[in-house]
>>> print(open('data13.pdb').read())   # PDB, C-alpha atoms
MODEL        1
ATOM      1  CA  MET A   1     -19.304  13.404  -1.832
ATOM      2  CA  ASN A   2     -22.404  11.338  -2.635
ATOM      3  CA  PHE A   3     -20.664  10.081  -5.774
ATOM      4  CA  LEU A   4     -17.832   8.686  -3.638
ATOM      5  CA  PHE A   5     -20.224   6.957  -1.266
ATOM      6  CA  GLU A   6     -22.242   5.506  -4.141
ATOM      7  CA  HIS A   7     -19.097   4.018  -5.681
ATOM      8  CA  LEU A   8     -17.033   3.331  -2.566
ATOM      9  CA  ASP A   9     -17.464  -0.423  -2.971
ATOM     10  CA  LYS A  10     -15.995  -0.291  -6.492
ATOM     11  CA  ILE A  11     -13.194   2.013  -5.344
ATOM     12  CA  LEU A  12     -12.335  -0.369  -2.495
ATOM     13  CA  ILE A  13     -12.258  -3.316  -4.930
ATOM     14  CA  ALA A  14      -9.829  -1.332  -7.112
ATOM     15  CA  ALA A  15      -7.722  -0.598  -4.014
ATOM     16  CA  ALA A  16      -7.793  -4.294  -3.101
ATOM     17  CA  ILE A  17      -6.620  -5.319  -6.554
ATOM     18  CA  GLY A  18      -3.924  -2.640  -6.351
ATOM     19  CA  GLN A  19      -2.697  -4.012  -3.033
ATOM     20  CA  ILE A  20      -2.554  -7.530  -4.436
ATOM     21  CA  LEU A  21      -0.536  -6.192  -7.381
ATOM     22  CA  ILE A  22       1.762  -4.300  -4.988
ATOM     23  CA  ALA A  23       2.311  -7.563  -3.089
ATOM     24  CA  GLY A  24       3.398  -9.286  -6.288
ATOM     25  CA  ILE A  25       5.562  -6.400  -7.470
ATOM     26  CA  ASN A  26       7.163  -6.110  -4.039
ATOM     27  CA  MET A  27       8.339  -9.714  -4.265
ATOM     28  CA  ARG A  28      10.298  -8.823  -7.430
ATOM     29  CA  LEU A  29      11.302  -5.283  -6.480
ATOM     30  CA  ASP A  30      14.978  -6.097  -6.061
ATOM     31  CA  LYS A  31      15.108  -7.430  -9.620
ATOM     32  CA  LEU A  32      12.862  -4.723 -11.102
ATOM     33  CA  LEU A  33      15.044  -1.964  -9.641
ATOM     34  CA  ASN A  34      18.339  -3.747 -10.349
ATOM     35  CA  TRP A  35      19.292  -4.013  -6.676
ATOM     36  CA  THR A  36      21.016  -7.381  -7.061
ATOM     37  CA  ASP A  37      24.547  -5.943  -6.819
ATOM     38  CA  GLU A  38      23.675  -3.663  -3.894
ATOM     39  CA  LEU A  39      21.974  -6.476  -1.993
ATOM     40  CA  SER A  40      24.867  -8.851  -2.575
ATOM     41  CA  GLY A  41      27.131  -6.336  -0.813
ATOM     42  CA  LEU A  42      25.060  -6.360   2.373
ATOM     43  CA  SER A  43      26.058  -8.305   5.431
ATOM     44  CA  ARG A  44      24.197 -11.578   5.819
ATOM     45  CA  LEU A  45      22.061 -10.133   8.636
ATOM     46  CA  LEU A  46      20.958  -7.059   6.644
ATOM     47  CA  TYR A  47      20.234  -9.205   3.603
ATOM     48  CA  GLU A  48      18.103 -11.563   5.695
ATOM     49  CA  VAL A  49      16.230  -8.630   7.287
ATOM     50  CA  PHE A  50      15.551  -7.182   3.814
ATOM     51  CA  TYR A  51      14.325 -10.556   2.554
ATOM     52  CA  VAL A  52      12.058 -11.210   5.572
ATOM     53  CA  HIS A  53      10.588  -7.686   5.434
ATOM     54  CA  LYS A  54       9.978  -8.066   1.711
ATOM     55  CA  TRP A  55       7.918 -11.191   2.430
ATOM     56  CA  PHE A  56       6.046  -9.736   5.389
ATOM     57  CA  ILE A  57       5.083  -6.517   3.590
ATOM     58  CA  SER A  58       3.966  -8.541   0.578
ATOM     59  CA  VAL A  59       1.879 -10.887   2.714
ATOM     60  CA  THR A  60       0.380  -7.908   4.584
ATOM     61  CA  CYS A  61      -0.649  -6.232   1.307
ATOM     62  CA  LEU A  62      -2.073  -9.526   0.064
ATOM     63  CA  ILE A  63      -4.081  -9.980   3.272
ATOM     64  CA  PHE A  64      -5.390  -6.390   3.067
ATOM     65  CA  GLY A  65      -6.449  -6.971  -0.540
ATOM     66  CA  VAL A  66      -8.165 -10.295   0.116
ATOM     67  CA  LEU A  67      -9.958  -9.022   3.241
ATOM     68  CA  THR A  68     -11.143  -5.967   1.341
ATOM     69  CA  ILE A  69     -12.527  -8.097  -1.476
ATOM     70  CA  ARG A  70     -14.254 -10.385   1.023
ATOM     71  CA  PHE A  71     -15.729  -7.574   3.138
ATOM     72  CA  THR A  72     -16.132  -4.793   0.563
ATOM     73  CA  SER A  73     -19.802  -4.215   1.252
ATOM     74  CA  ASP A  74     -19.295  -4.130   5.024
ATOM     75  CA  MET A  75     -16.431  -1.651   4.688
ATOM     76  CA  ALA A  76     -18.194   0.546   2.134
ATOM     77  CA  THR A  77     -21.393   0.818   4.172
ATOM     78  CA  GLY A  78     -19.870   0.859   7.647
ATOM     79  CA  ALA A  79     -22.230  -2.010   8.464
ATOM     80  CA  TYR A  80     -20.122  -3.435  11.266
ATOM     81  CA  GLU A  81     -17.734  -1.885  13.727
ATOM     82  CA  MET A  82     -15.104  -4.520  12.882
ATOM     83  CA  ALA A  83     -15.221  -3.533   9.198
ATOM     84  CA  ARG A  84     -14.763   0.134  10.134
ATOM     85  CA  TRP A  85     -11.811  -0.746  12.375
ATOM     86  CA  LEU A  86     -10.240  -2.840   9.621
ATOM     87  CA  ALA A  87     -10.701  -0.028   7.106
ATOM     88  CA  ALA A  88      -9.168   2.434   9.584
ATOM     89  CA  ALA A  89      -6.179   0.148  10.200
ATOM     90  CA  ILE A  90      -5.541  -0.269   6.471
ATOM     91  CA  GLY A  91      -5.973   3.482   5.946
ATOM     92  CA  ILE A  92      -3.486   4.274   8.717
ATOM     93  CA  PHE A  93      -1.017   1.730   7.285
ATOM     94  CA  TRP A  94      -1.148   3.435   3.875
ATOM     95  CA  GLY A  95      -1.073   6.899   5.431
ATOM     96  CA  ILE A  96       2.181   6.044   7.168
ATOM     97  CA  ARG A  97       3.520   4.597   3.920
ATOM     98  CA  THR A  98       2.581   7.800   2.057
ATOM     99  CA  ALA A  99       4.430   9.899   4.647
ATOM    100  CA  ILE A 100       7.482   7.629   4.365
ATOM    101  CA  GLN A 101       7.450   8.122   0.582
ATOM    102  CA  TRP A 102       8.085  11.854   1.148
ATOM    103  CA  CYS A 103       9.715  12.164   4.559
ATOM    104  CA  PHE A 104      12.156   9.269   4.684
ATOM    105  CA  TYR A 105      13.336   8.516   1.152
ATOM    106  CA  SER A 106      15.796  11.053  -0.184
ATOM    107  CA  SER A 107      14.562  13.011  -3.195
ATOM    108  CA  GLU A 108      17.923  12.344  -4.854
ATOM    109  CA  HIS A 109      16.560   8.883  -5.711
ATOM    110  CA  TRP A 110      13.987  10.392  -8.083
ATOM    111  CA  LYS A 111      14.487  14.144  -8.593
ATOM    112  CA  GLY A 112      15.674  14.933 -12.117
ATOM    113  CA  LYS A 113      15.111  11.334 -13.251
ATOM    114  CA  THR A 114      12.000  11.027 -15.383
ATOM    115  CA  LYS A 115      11.251   7.319 -14.886
ATOM    116  CA  GLU A 116      11.936   7.423 -11.137
ATOM    117  CA  THR A 117       9.888  10.619 -10.726
ATOM    118  CA  VAL A 118       6.909   9.043 -12.513
ATOM    119  CA  ILE A 119       7.185   5.946 -10.308
ATOM    120  CA  HIS A 120       7.496   8.129  -7.200
ATOM    121  CA  TRP A 121       4.290   9.981  -8.087
ATOM    122  CA  ILE A 122       2.416   6.796  -9.027
ATOM    123  CA  PHE A 123       3.249   5.376  -5.595
ATOM    124  CA  THR A 124       2.324   8.648  -3.878
ATOM    125  CA  VAL A 125      -1.078   8.733  -5.588
ATOM    126  CA  ALA A 126      -1.713   5.011  -5.012
ATOM    127  CA  TYR A 127      -0.719   5.056  -1.344
ATOM    128  CA  GLY A 128      -2.469   8.374  -0.716
ATOM    129  CA  GLY A 129      -5.585   7.140  -2.495
ATOM    130  CA  CYS A 130      -5.694   4.013  -0.355
ATOM    131  CA  THR A 131      -5.287   6.206   2.716
ATOM    132  CA  PHE A 132      -8.145   8.492   1.704
ATOM    133  CA  PHE A 133     -10.653   5.840   0.625
ATOM    134  CA  TYR A 134     -10.060   3.420   3.499
ATOM    135  CA  LEU A 135     -10.312   6.234   6.043
ATOM    136  CA  LEU A 136     -13.434   7.509   4.276
ATOM    137  CA  ALA A 137     -14.940   4.034   4.649
ATOM    138  CA  ALA A 138     -13.835   3.857   8.286
ATOM    139  CA  PHE A 139     -15.197   7.182   9.397
ATOM    140  CA  SER A 140     -18.222   7.828   7.186
ATOM    141  CA  ASN A 141     -20.398   5.345   9.118
ATOM    142  CA  GLN A 142     -23.135   5.428   6.485
ATOM    143  CA  GLU A 143     -25.256   2.799   8.222
ATOM    144  CA  GLY A 144     -25.433   4.677  11.506
TER     145      GLY A 144
ENDMDL
END
>>> encode(input="data13.pdb", output="structure tokens")
Amino acid sequence: MNFLFEHLDKILIAAAIGQILIAGINMRLDKLLNWTDELSGLSRLLYEVFYVHKWFISVTCLIFGVLTIRFTSDMATGAYEMARWLAAAIGIFWGIRTAIQWCFYSSEHWKGKTKETVIHWIFTVAYGGCTFFYLLAAFSNQEG
């Protein structure tokens, strides 16, 4: 576990960069996954909700990434209570997202499809990794 604590700052930077990338990818997800036809068939209200949520999730991931880069040292060392709370909040966010990946989305979207299965597992590992490392930062309290 010492190895993790010694490199937690670098791991958090990698997580921050990952979240910034997720924010960018999320903005193009409809095009990347060829959802244009499906989205065009939605009612105006559902389309607008999808579009607004796409923006808000992207902005949230961007904010998490930027705040992590700015306060990496504080999060990694547990130097301030606010940094621990922020790390816990981000960890909980990604923990919920990891659970959604398995408990809400139907496996028929990826099971038996090589590309979709690989993407499913990449997201599971990325979201689960963010959960683990942010919660580790939040609850390790190395300074105290």
>>> residues_around(input="data13.pdb", residues="Leu136 of chain A", least_positions_apart="2", cutoff="10 Å", atoms="all atoms listed in the file", output="list in words")
Leu4, Phe5, Leu8, Met75, Ala76, Gly78, Arg84, Ala87, Ala88, Gly91, Cys130, Thr131, Phe132, Phe133, Tyr134, Ala138, Phe139, Ser140 and Asn141 of chain A
>>> write_last_selection(input="data13.pdb", atoms="C-alpha atoms", output="PDB file, keeping the file's coordinate frame")
ATOM      1  CA  LEU A   4     -17.832   8.686  -3.638  1.00  0.00           C
ATOM      2  CA  PHE A   5     -20.224   6.957  -1.266  1.00  0.00           C
ATOM      3  CA  LEU A   8     -17.033   3.331  -2.566  1.00  0.00           C
ATOM      4  CA  MET A  75     -16.431  -1.651   4.688  1.00  0.00           C
ATOM      5  CA  ALA A  76     -18.194   0.546   2.134  1.00  0.00           C
ATOM      6  CA  GLY A  78     -19.870   0.859   7.647  1.00  0.00           C
ATOM      7  CA  ARG A  84     -14.763   0.134  10.134  1.00  0.00           C
ATOM      8  CA  ALA A  87     -10.701  -0.028   7.106  1.00  0.00           C
ATOM      9  CA  ALA A  88      -9.168   2.434   9.584  1.00  0.00           C
ATOM     10  CA  GLY A  91      -5.973   3.482   5.946  1.00  0.00           C
ATOM     11  CA  CYS A 130      -5.694   4.013  -0.355  1.00  0.00           C
ATOM     12  CA  THR A 131      -5.287   6.206   2.716  1.00  0.00           C
ATOM     13  CA  PHE A 132      -8.145   8.492   1.704  1.00  0.00           C
ATOM     14  CA  PHE A 133     -10.653   5.840   0.625  1.00  0.00           C
ATOM     15  CA  TYR A 134     -10.060   3.420   3.499  1.00  0.00           C
ATOM     16  CA  ALA A 138     -13.835   3.857   8.286  1.00  0.00           C
ATOM     17  CA  PHE A 139     -15.197   7.182   9.397  1.00  0.00           C
ATOM     18  CA  SER A 140     -18.222   7.828   7.186  1.00  0.00           C
ATOM     19  CA  ASN A 141     -20.398   5.345   9.118  1.00  0.00           C
TER      20      ASN A 141
END
>>> residues_near_point(input="data13.pdb", point="(-11.8, -9.6, -0.4)", cutoff="12 Å", atoms="all atoms listed in the file", output="PyMOL selection string")
chain A and resi 9-10+12-17+19-20+61-75+83
>>> closest_residue(input="data13.pdb", among="A:Thr117, A:Trp85, A:Ile25, A:Leu46", to="Ala137 of chain A", atoms="all atoms listed in the file")
A:Trp85
>>> resolve_selection(input="data13.pdb", expression="the PyMOL selection byres ((chain A and resi 97-102) around 9)", output="list in words")
Ile92, Phe93, Trp94, Gly95, Ile96, Cys103, Phe104, Tyr105, Ser106, Ser107, His120, Phe123, Thr124, Val125, Ala126, Tyr127, Gly128 and Thr131 of chain A
>>> atom_distance(input="data13.pdb", atom1="atom CA of Ala23 of chain A", atom2="atom CA of His53 of chain A")
11.9 Å
>>> atom_distance(input="data13.pdb", atom1="atom CA of Val118 of chain A", atom2="atom CA of Leu32 of chain A")
15.1 Å
>>> atom_distance(input="data13.pdb", atom1="atom CA of Gly18 of chain A", atom2="atom CA of Asp37 of chain A")
28.7 Å
>>> axis_aligned_box(input="data13.pdb", around="segment 31-34 of chain A", padding_each_side="8 Å", output="AutoDock Vina command-line options")
--center_x 15.6 --center_y -4.7 --center_z -10.4 --size_x 21.5 --size_y 21.5 --size_z 17.5
>>> closest_residue(input="data13.pdb", among="A:Lys113, A:Glu6, A:Asn26, A:Glu48", to="Thr60 of chain A", atoms="all atoms listed in the file")
A:Asn26
>>> decode(input="data13.pdb", residues="segment 30-67 of chain A", atoms="N, CA and C atoms", output="short mmCIF file (atom, residue, chain, number, x, y, z; two decimals), in the first residue's frame")
data_model
loop_
_atom_site.label_atom_id
_atom_site.label_comp_id
_atom_site.auth_asym_id
_atom_site.auth_seq_id
_atom_site.Cartn_x
_atom_site.Cartn_y
_atom_site.Cartn_z
N ASP A 30 -22.64 10.74 -29.11
CA ASP A 30 -23.73 10.42 -30.03
C ASP A 30 -23.19 10.11 -31.44
N LYS A 31 -22.17 10.85 -31.85
CA LYS A 31 -21.59 10.61 -33.17
C LYS A 31 -20.67 9.38 -33.16
N LEU A 32 -19.89 9.22 -32.09
CA LEU A 32 -18.99 8.07 -31.99
C LEU A 32 -19.73 6.75 -31.97
N LEU A 33 -20.91 6.73 -31.36
CA LEU A 33 -21.69 5.49 -31.25
C LEU A 33 -22.82 5.41 -32.27
N ASN A 34 -22.79 6.31 -33.25
CA ASN A 34 -23.78 6.32 -34.32
C ASN A 34 -25.22 6.37 -33.80
N TRP A 35 -25.46 7.30 -32.88
CA TRP A 35 -26.80 7.45 -32.29
C TRP A 35 -27.63 8.51 -33.01
N THR A 36 -27.12 9.07 -34.08
CA THR A 36 -27.81 10.16 -34.76
C THR A 36 -29.24 9.79 -35.14
N ASP A 37 -29.43 8.62 -35.75
CA ASP A 37 -30.78 8.20 -36.16
C ASP A 37 -31.68 7.99 -34.95
N GLU A 38 -31.15 7.33 -33.91
CA GLU A 38 -31.97 7.09 -32.72
C GLU A 38 -32.36 8.39 -32.03
N LEU A 39 -31.43 9.32 -31.95
CA LEU A 39 -31.72 10.60 -31.31
C LEU A 39 -32.71 11.43 -32.12
N SER A 40 -32.64 11.33 -33.43
CA SER A 40 -33.57 12.10 -34.26
C SER A 40 -35.00 11.60 -34.11
N GLY A 41 -35.17 10.36 -33.64
CA GLY A 41 -36.51 9.82 -33.43
C GLY A 41 -37.11 10.16 -32.08
N LEU A 42 -36.34 10.80 -31.22
CA LEU A 42 -36.85 11.17 -29.90
C LEU A 42 -37.78 12.37 -29.98
N SER A 43 -38.66 12.47 -29.01
CA SER A 43 -39.47 13.69 -28.93
C SER A 43 -38.52 14.85 -28.64
N ARG A 44 -38.99 16.04 -28.91
CA ARG A 44 -38.15 17.23 -28.69
C ARG A 44 -37.70 17.32 -27.23
N LEU A 45 -38.60 17.03 -26.29
CA LEU A 45 -38.26 17.10 -24.87
C LEU A 45 -37.15 16.11 -24.52
N LEU A 46 -37.27 14.85 -24.93
CA LEU A 46 -36.25 13.86 -24.61
C LEU A 46 -34.91 14.19 -25.27
N TYR A 47 -34.97 14.71 -26.49
CA TYR A 47 -33.74 15.12 -27.15
C TYR A 47 -33.06 16.25 -26.37
N GLU A 48 -33.84 17.23 -25.94
CA GLU A 48 -33.29 18.35 -25.19
C GLU A 48 -32.72 17.90 -23.85
N VAL A 49 -33.40 16.97 -23.17
CA VAL A 49 -32.89 16.43 -21.90
C VAL A 49 -31.56 15.71 -22.15
N PHE A 50 -31.50 14.89 -23.20
CA PHE A 50 -30.25 14.20 -23.54
C PHE A 50 -29.13 15.21 -23.76
N TYR A 51 -29.41 16.23 -24.55
CA TYR A 51 -28.41 17.23 -24.91
C TYR A 51 -27.92 17.99 -23.68
N VAL A 52 -28.84 18.42 -22.82
CA VAL A 52 -28.47 19.16 -21.60
C VAL A 52 -27.66 18.26 -20.67
N HIS A 53 -28.09 17.01 -20.49
CA HIS A 53 -27.34 16.10 -19.61
C HIS A 53 -25.95 15.80 -20.16
N LYS A 54 -25.85 15.69 -21.47
CA LYS A 54 -24.55 15.49 -22.10
C LYS A 54 -23.61 16.64 -21.72
N TRP A 55 -24.09 17.86 -21.81
CA TRP A 55 -23.28 19.02 -21.45
C TRP A 55 -22.94 19.04 -19.97
N PHE A 56 -23.93 18.80 -19.12
CA PHE A 56 -23.68 18.88 -17.69
C PHE A 56 -22.73 17.80 -17.20
N ILE A 57 -22.85 16.58 -17.70
CA ILE A 57 -21.91 15.53 -17.31
C ILE A 57 -20.50 15.87 -17.81
N SER A 58 -20.42 16.39 -19.02
CA SER A 58 -19.11 16.77 -19.56
C SER A 58 -18.47 17.87 -18.74
N VAL A 59 -19.24 18.88 -18.40
CA VAL A 59 -18.72 19.99 -17.59
C VAL A 59 -18.32 19.49 -16.20
N THR A 60 -19.12 18.60 -15.62
CA THR A 60 -18.79 18.03 -14.31
C THR A 60 -17.46 17.29 -14.36
N CYS A 61 -17.27 16.44 -15.37
CA CYS A 61 -16.00 15.71 -15.51
C CYS A 61 -14.84 16.67 -15.72
N LEU A 62 -15.06 17.71 -16.50
CA LEU A 62 -14.02 18.71 -16.73
C LEU A 62 -13.65 19.41 -15.42
N ILE A 63 -14.65 19.80 -14.65
CA ILE A 63 -14.41 20.45 -13.36
C ILE A 63 -13.65 19.51 -12.43
N PHE A 64 -14.07 18.26 -12.34
CA PHE A 64 -13.37 17.28 -11.49
C PHE A 64 -11.90 17.17 -11.91
N GLY A 65 -11.66 17.11 -13.22
CA GLY A 65 -10.29 16.98 -13.71
C GLY A 65 -9.45 18.20 -13.38
N VAL A 66 -9.99 19.38 -13.63
CA VAL A 66 -9.24 20.62 -13.37
C VAL A 66 -8.99 20.81 -11.88
N LEU A 67 -10.00 20.56 -11.05
CA LEU A 67 -9.81 20.68 -9.59
C LEU A 67 -8.77 19.68 -9.08
#
